[in-house]
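Student: My structure file protein.txt, compact mmCIF, C-alpha atoms, is below:
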```txt
# COMPACT_ATOMS: atom_id res chain seq x y z
CA ASN L 25 0.00 0.00 0.00
CA GLY L 26 3.05 2.24 -0.09
CA HIS L 27 2.81 3.20 3.55
CA ARG L 28 6.03 3.23 5.49
CA PRO L 29 5.96 0.77 8.44
CA ARG L 30 5.72 2.36 11.83
CA LEU L 31 8.93 2.14 13.85
CA ARG L 32 9.17 1.69 17.60
CA ARG L 33 10.83 4.76 19.06
CA VAL L 34 12.57 4.11 22.37
CA GLY L 35 15.42 6.40 23.32
CA VAL L 36 18.87 4.88 23.76
CA LYS L 37 19.65 7.30 26.57
CA THR L 38 16.96 5.77 28.77
CA GLY L 39 18.76 2.41 28.75
CA ALA L 40 15.83 0.73 26.96
CA ALA L 41 16.16 -1.46 23.89
CA MET L 42 16.98 0.33 20.64
CA SER L 43 14.13 0.90 18.27
CA LEU L 44 14.20 -0.54 14.78
CA GLU L 45 14.95 2.92 13.42
CA GLU L 46 17.95 3.20 15.75
CA GLU L 47 19.12 -0.33 14.89
CA ILE L 48 19.02 0.56 11.20
CA ALA L 49 21.02 3.74 11.79
CA GLU L 50 23.65 1.76 13.72
CA THR L 51 23.86 -0.87 10.98
CA GLN L 52 24.43 1.83 8.37
CA ARG L 53 27.08 3.49 10.52
CA VAL L 54 29.26 0.42 11.13
CA LEU L 55 28.66 -1.62 7.97
CA GLN L 56 28.39 0.77 5.01
CA PRO L 57 32.03 2.02 5.25
CA LEU L 58 33.22 -1.49 4.37
CA PHE L 59 31.86 -1.43 0.79
CA ALA L 60 30.17 0.84 -1.73
CA LYS L 61 27.52 -1.55 -3.00
CA PRO L 62 24.94 -2.60 -2.10
CA SER L 63 23.66 0.60 -0.56
CA LEU L 64 22.25 0.04 2.92
CA LYS L 65 18.96 1.84 2.35
CA GLU L 66 16.56 2.14 5.23
CA LYS L 67 13.80 0.47 3.21
CA LEU L 68 15.93 -2.65 2.69
CA LEU L 69 17.07 -2.80 6.32
CA THR L 70 13.49 -2.44 7.57
CA LYS L 71 12.68 -5.85 6.11
CA PRO L 72 15.92 -7.30 4.70
CA PRO L 73 15.21 -9.72 1.82
CA PHE L 74 17.39 -12.80 1.35
CA ARG L 75 18.98 -11.55 -1.87
CA PHE L 76 20.01 -8.33 -0.11
CA ILE L 77 21.59 -10.27 2.80
CA HIS L 78 23.48 -12.46 0.31
CA ASP L 79 24.81 -9.39 -1.52
CA VAL L 80 25.94 -7.78 1.76
CA VAL L 81 27.80 -10.92 2.92
CA SER L 82 29.48 -11.30 -0.48
CA ALA L 83 30.54 -7.65 -0.49
CA VAL L 84 31.99 -7.90 3.04
CA SER L 85 33.92 -11.06 2.19
CA GLU L 86 35.31 -9.59 -1.02
CA ALA L 87 36.34 -6.31 0.62
CA THR L 88 37.85 -7.63 3.86
CA GLY L 89 38.54 -11.34 3.37
CA PHE L 90 36.30 -12.28 6.26
CA ALA L 91 34.62 -15.69 5.82
CA ALA L 92 36.55 -16.32 2.60
CA GLY L 93 35.95 -19.86 1.37
CA LEU L 94 32.81 -20.36 3.45
CA TYR L 95 30.87 -21.58 0.42
CA GLU L 96 33.75 -22.95 -1.61
CA ASP L 97 32.29 -26.45 -1.34
CA ARG L 98 28.83 -25.21 -2.30
CA PRO L 99 28.88 -23.51 -5.72
CA ASP L 100 25.08 -23.66 -5.69
CA LEU L 101 25.08 -21.15 -2.81
CA GLN L 102 27.59 -18.69 -4.23
CA ASN L 103 25.26 -16.71 -6.48
CA GLY L 104 22.34 -15.14 -4.63
CA LYS L 105 20.07 -14.75 -7.66
CA ASP L 106 20.25 -18.49 -8.35
CA ILE L 107 19.06 -19.49 -4.87
CA LYS L 108 15.31 -19.94 -5.10
CA GLU L 109 14.44 -22.81 -2.76
CA LYS L 110 13.78 -22.09 0.89
CA GLY L 111 15.98 -24.98 2.01
CA ALA L 112 18.99 -23.60 0.14
CA LYS L 113 18.37 -20.13 1.59
CA LEU L 114 18.32 -21.58 5.09
CA GLU L 115 21.56 -23.49 4.49
CA TYR L 116 23.28 -20.33 3.28
CA LEU L 117 22.14 -18.21 6.22
CA GLU L 118 22.80 -20.82 8.89
CA ARG L 119 26.40 -21.23 7.75
CA ILE L 120 27.27 -17.52 7.80
CA ILE L 121 25.41 -17.03 11.11
CA ARG L 122 27.57 -19.79 12.67
CA CYS L 123 30.75 -18.30 11.23
CA VAL L 124 30.08 -14.80 12.59
CA GLY L 125 29.13 -16.18 16.00
CA LEU L 126 32.26 -18.34 16.20
CA TYR L 127 34.48 -15.43 15.21
CA THR L 128 33.03 -12.83 17.55
CA GLY L 129 32.31 -15.23 20.39
CA THR L 130 28.81 -13.80 20.68
CA THR L 131 25.37 -14.98 19.72
CA THR L 132 22.27 -13.06 18.67
CA ALA L 133 18.61 -13.95 18.50
CA ILE L 134 18.68 -14.13 14.70
CA LYS L 135 17.00 -17.16 13.15
CA ALA L 136 17.50 -18.14 9.52
CA GLY L 137 13.84 -19.01 9.16
CA LYS L 138 12.76 -15.60 10.43
CA VAL L 139 15.12 -13.85 8.00
CA VAL L 140 13.73 -15.78 5.04
CA ALA L 141 10.20 -14.91 6.17
CA GLY L 142 11.10 -11.23 6.55
CA LEU L 143 10.40 -11.26 10.29
CA GLU L 144 12.24 -9.82 13.31
CA PRO L 145 14.27 -7.19 11.43
CA GLU L 146 15.68 -5.88 14.73
CA ASN L 147 17.53 -9.16 15.21
CA THR L 148 18.72 -9.16 11.60
CA ASN L 149 20.16 -5.67 12.05
CA LYS L 150 21.91 -6.66 15.29
CA TRP L 151 23.48 -9.57 13.46
CA LEU L 152 24.60 -7.33 10.57
CA GLN L 153 26.34 -5.16 13.17
CA ASN L 154 28.18 -8.26 14.45
CA LEU L 155 29.17 -9.06 10.87
CA ALA L 156 30.64 -5.56 10.59
CA ALA L 157 32.56 -6.02 13.89
CA ALA L 158 34.09 -9.27 12.66
CA ALA L 159 35.05 -7.85 9.25
CA THR L 160 36.49 -4.62 10.67
CA SER L 161 39.06 -6.48 12.81
CA VAL L 162 39.45 -9.55 10.63
CA ASP L 163 42.34 -11.95 11.26
CA ALA L 164 42.95 -14.26 8.31
CA GLY L 165 44.01 -17.25 10.39
CA LYS L 166 41.13 -16.95 12.83
CA SER L 167 38.68 -16.42 9.99
CA SER L 168 39.90 -19.55 8.22
CA ASP L 169 39.52 -21.57 11.42
CA CYS L 170 35.98 -20.30 11.98
CA VAL L 171 35.08 -21.05 8.36
CA ALA L 172 36.15 -24.69 8.80
CA ARG L 173 34.23 -25.01 12.06
CA ALA L 174 31.12 -23.40 10.59
CA ILE L 175 31.21 -25.75 7.59
CA ALA L 176 31.49 -28.67 10.05
CA GLY L 177 28.30 -27.44 11.72
CA GLU L 178 29.77 -26.22 15.02
CA GLU L 179 27.48 -23.82 16.83
CA PRO L 180 28.77 -20.69 18.62
CA GLY L 181 29.35 -21.39 22.30
CA ALA L 182 29.39 -25.18 21.82
CA GLY L 183 33.00 -25.45 23.08
CA ASP L 184 32.57 -23.18 26.10
CA ASP L 185 31.50 -25.84 28.57
CA PRO L 186 34.29 -28.13 29.84
CA LYS L 187 33.89 -31.76 28.80
CA GLY L 188 35.15 -35.00 30.24
CA GLU L 189 35.32 -33.82 33.83
CA ALA L 190 34.84 -36.42 36.47
CA PRO L 191 31.44 -36.24 38.14
CA ALA L 192 31.32 -34.74 41.61
CA PRO L 193 31.71 -37.36 44.33
CA ALA L 194 28.52 -38.46 46.01
CA ALA L 195 27.85 -36.92 49.41
CA GLU L 196 28.69 -39.24 52.28
CA ASP L 197 26.79 -39.74 55.49
CA LYS L 198 28.47 -39.87 58.88
CA GLY L 199 29.14 -43.56 58.44
CA GLY L 200 31.29 -42.91 55.38
CA ARG L 201 28.82 -44.37 52.89
CA ALA L 202 27.49 -42.60 49.81
CA GLU L 203 24.26 -40.79 50.50
CA GLY L 204 21.19 -42.60 49.26
CA LYS L 205 22.95 -45.96 49.17
CA ASP L 206 21.76 -48.83 51.35
CA ALA L 207 24.14 -49.11 54.27
CA ASP L 208 24.27 -52.87 53.92
CA ALA L 209 24.26 -53.00 50.11
CA ASP L 210 28.00 -53.70 49.86
CA GLU L 211 28.09 -56.19 52.73
CA PRO L 212 27.21 -59.64 51.36
CA ALA L 213 25.23 -61.98 53.56
CA PRO L 214 27.25 -64.86 55.03
CA ALA L 215 27.23 -67.91 52.80
CA LYS L 216 25.63 -71.07 54.04
CA ASP L 217 28.05 -73.92 54.77
CA ASP L 218 26.63 -77.38 54.10
CA SER L 219 30.01 -79.09 53.91
CA GLY L 220 29.90 -80.40 57.49
CA LYS L 221 33.03 -78.44 58.37
CA PRO L 222 33.17 -76.20 61.45
CA PRO L 223 31.71 -72.75 60.80
CA ALA L 224 34.12 -69.92 60.05
CA SER L 225 35.32 -67.82 62.93
CA ARG L 226 34.50 -64.12 63.18
CA GLY L 227 37.85 -63.38 61.54
CA GLY L 228 36.69 -65.06 58.35
CA GLY L 229 38.90 -68.19 58.50
CA ARG L 230 38.32 -71.76 59.66
CA GLN L 231 38.78 -72.62 63.28
CA THR L 232 42.01 -74.01 64.64
CA LYS L 233 42.07 -77.28 66.51
CA GLU L 234 42.30 -75.38 69.78
CA GLU L 235 39.24 -73.30 68.89
CA ALA L 236 37.32 -76.40 67.83
CA GLY L 237 38.04 -78.08 71.16
CA ALA L 238 36.99 -75.14 73.28
CA PRO L 239 33.40 -74.61 74.45
CA ARG L 240 31.49 -72.59 71.89
CA SER L 241 29.12 -69.76 72.52
CA GLY L 242 25.70 -71.35 72.38
CA GLY L 243 26.86 -74.65 73.86
CA MET L 244 25.37 -76.13 77.03
CA GLU L 245 26.90 -76.47 80.43
CA ALA L 246 24.69 -78.00 83.14
CA ALA L 247 26.21 -77.74 86.58
CA GLY L 248 25.81 -80.56 89.03
CA GLY L 249 26.47 -78.20 91.88
CA ALA L 250 26.86 -79.89 95.25
CA MET L 251 24.79 -82.88 94.31
CA GLY L 252 26.34 -86.24 95.02
CA MET L 253 26.55 -89.18 92.64
CA ASP L 254 23.50 -90.79 94.23
CA GLY L 255 20.58 -90.00 91.98
CA GLY L 256 21.64 -86.43 91.36
CA PHE L 257 23.78 -87.37 88.40
CA ASP L 258 21.10 -89.55 86.81
CA SER L 259 18.49 -86.86 87.30
CA MET L 260 20.68 -84.26 85.72
CA ILE L 261 21.62 -86.47 82.77
CA GLU L 262 17.95 -87.12 82.08
CA GLN L 263 17.46 -83.38 81.72
CA VAL L 264 20.58 -82.57 79.74
CA LEU L 265 21.00 -85.42 77.26
CA PRO L 266 17.70 -85.01 75.34
CA THR L 267 18.47 -81.35 74.82
CA ALA L 268 22.08 -82.03 73.84
CA ALA L 269 21.05 -84.76 71.42
CA ALA L 270 18.98 -82.27 69.46
CA ILE L 271 22.10 -80.27 68.58
CA PRO L 272 23.97 -81.52 65.45
CA ARG L 273 27.44 -82.96 66.08
CA CYS L 274 26.99 -82.49 69.84
CA THR L 275 28.97 -84.50 72.45
CA THR L 276 28.77 -84.52 76.24
CA LYS L 277 31.25 -85.28 79.00
CA LEU L 278 31.61 -84.95 82.74
CA GLN L 279 33.88 -82.19 83.93
CA PRO L 280 34.74 -81.63 87.64
CA TYR L 281 34.72 -78.12 89.02
CA PRO L 282 38.25 -76.86 89.72
CA ASN L 283 39.56 -77.31 93.27
CA THR L 284 36.61 -79.41 94.39
CA ASN L 285 35.92 -83.06 95.09
CA PRO L 286 35.12 -84.59 91.66
CA ASN L 287 32.71 -87.04 93.33
CA THR L 288 30.45 -84.31 94.70
CA ALA L 289 30.90 -81.30 92.42
CA PHE L 290 30.86 -81.72 88.66
CA SER L 291 29.35 -80.44 85.47
CA VAL L 292 28.20 -81.96 82.20
CA LEU L 293 29.78 -80.14 79.29
CA ALA L 294 27.93 -80.38 75.98
CA THR L 295 29.81 -79.12 72.94
CA TRP L 296 29.46 -79.35 69.18
CA ARG L 297 32.28 -79.71 66.68
```
Just dump the structure as structure tokens.
Tutor:
Amino acid sequence: NGHRPRLRRVGVKTGAAMSLEEEIAETQRVLQPLFAKPSLKEKLLTKPPFRFIHDVVSAVSEATGFAAGLYEDRPDLQNGKDIKEKGAKLEYLERIIRCVGLYTGTTTAIKAGKVVAGLEPENTNKWLQNLAAAATSVDAGKSSDCVARAIAGEEPGAGDDPKGEAPAPAAEDKGGRAEGKDADADEPAPAKDDSGKPPASRGGGRQTKEEAGAPRSGGMEAAGGAMGMDGGFDSMIEQVLPTAAAIPRCTTKLQPYPNTNPNTAFSVLATWR
């Protein structure tokens, strides 16, 4: 309809975002000195068409050497007027956007799809200003490196985060175990022993002969006390032997109390081996 689009006017001095009109003025200020053509007209920068962006990038590269060789492997992307398909336009823009971002170490909100659609011109102008910054201080070696990385598909900022670092150790509780881990998870249950051999000692090994011959915890010792041999012994045996017989590999024997008359003070010692 021939009407000029309304521009958002927000003063730079207030600290607010620049208006589109101000972004355009800044783009013209930093970018136009690098080449004579194309002319950075306000109308074109208000809604930059793809062909215009292609011509600007080509002019910058030819004048400064920045991004030289970026499309050397893609002759189909070297001439802007031959690029008609949307997919090819996106490929062209995405590659140069990566290259500028890698070189300057900054990223902008520009999206190739938005550029092709003629949307978000503020972001396109901000990116053109970054292109000017890269081309104004171009270093041939750095530019060549960024070109190779952009062709390989590396995104700006992708190498900023350290890789390969060991994960932080898990927090430990007061018992020295990793937090959230079952306290008994790394302590296997004792294996059952059906071999008929004496059970392992607390130290983890088999018992010695001396240990095997000694009374075990859990054995039975029935004291005869001061009973005599008359009836007291038989009565006690009748109580002890049935219980002792129920214990596997159990044996019994008489054992006198120390420093006493063995005929009047004794005990029956039941042990298992």
Student: Considering all atoms listed in the file, return as a PyMOL selection string whatever protein or nucleic-acid residues lie within 7 Å of Glu146 in chain L, sequence-local ones (same chain, fewer than 4 positions apart) excluded.
Tutor: chain L and resi 44+47+150
Student: For the selection just defined, write its residues with C-alpha atoms to a file, as a tab-separated table (two decimals), keeping the file's coordinate frame.
Tutor:
```
chain	number	residue	atom	x	y	z
L	44	LEU	CA	14.20	-0.54	14.78
L	47	GLU	CA	19.12	-0.33	14.89
L	150	LYS	CA	21.91	-6.66	15.29
```
Student: Near Ser82 in chain L, within 12 Å and counting only C-alpha atoms, which residues show up once chain neighbours fewer than 3 positions away are dropped, as a ChimeraX atom specification?
Tutor: /L:58-59,61-62,75-79,85-95,101-104,116,120,155,159
Student: Report, in Å to a single decimal, how far apart CA of Ala83 in chain L and CA of Asp106 in chain L are.
Tutor: 16.9 Å
Student: Using only C-alpha atoms, can you tell me which of L:Arg122, L:Asn154, L:Gly111, L:Thr70 comes closest to Ser43 in chain L?
Tutor: L:Thr70
Student: Tell me, in Å to one decimal, how far CA of Lys65 in chain L is from CA of Ala156 in chain L.
Tutor: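 The value is 16.1 Å.
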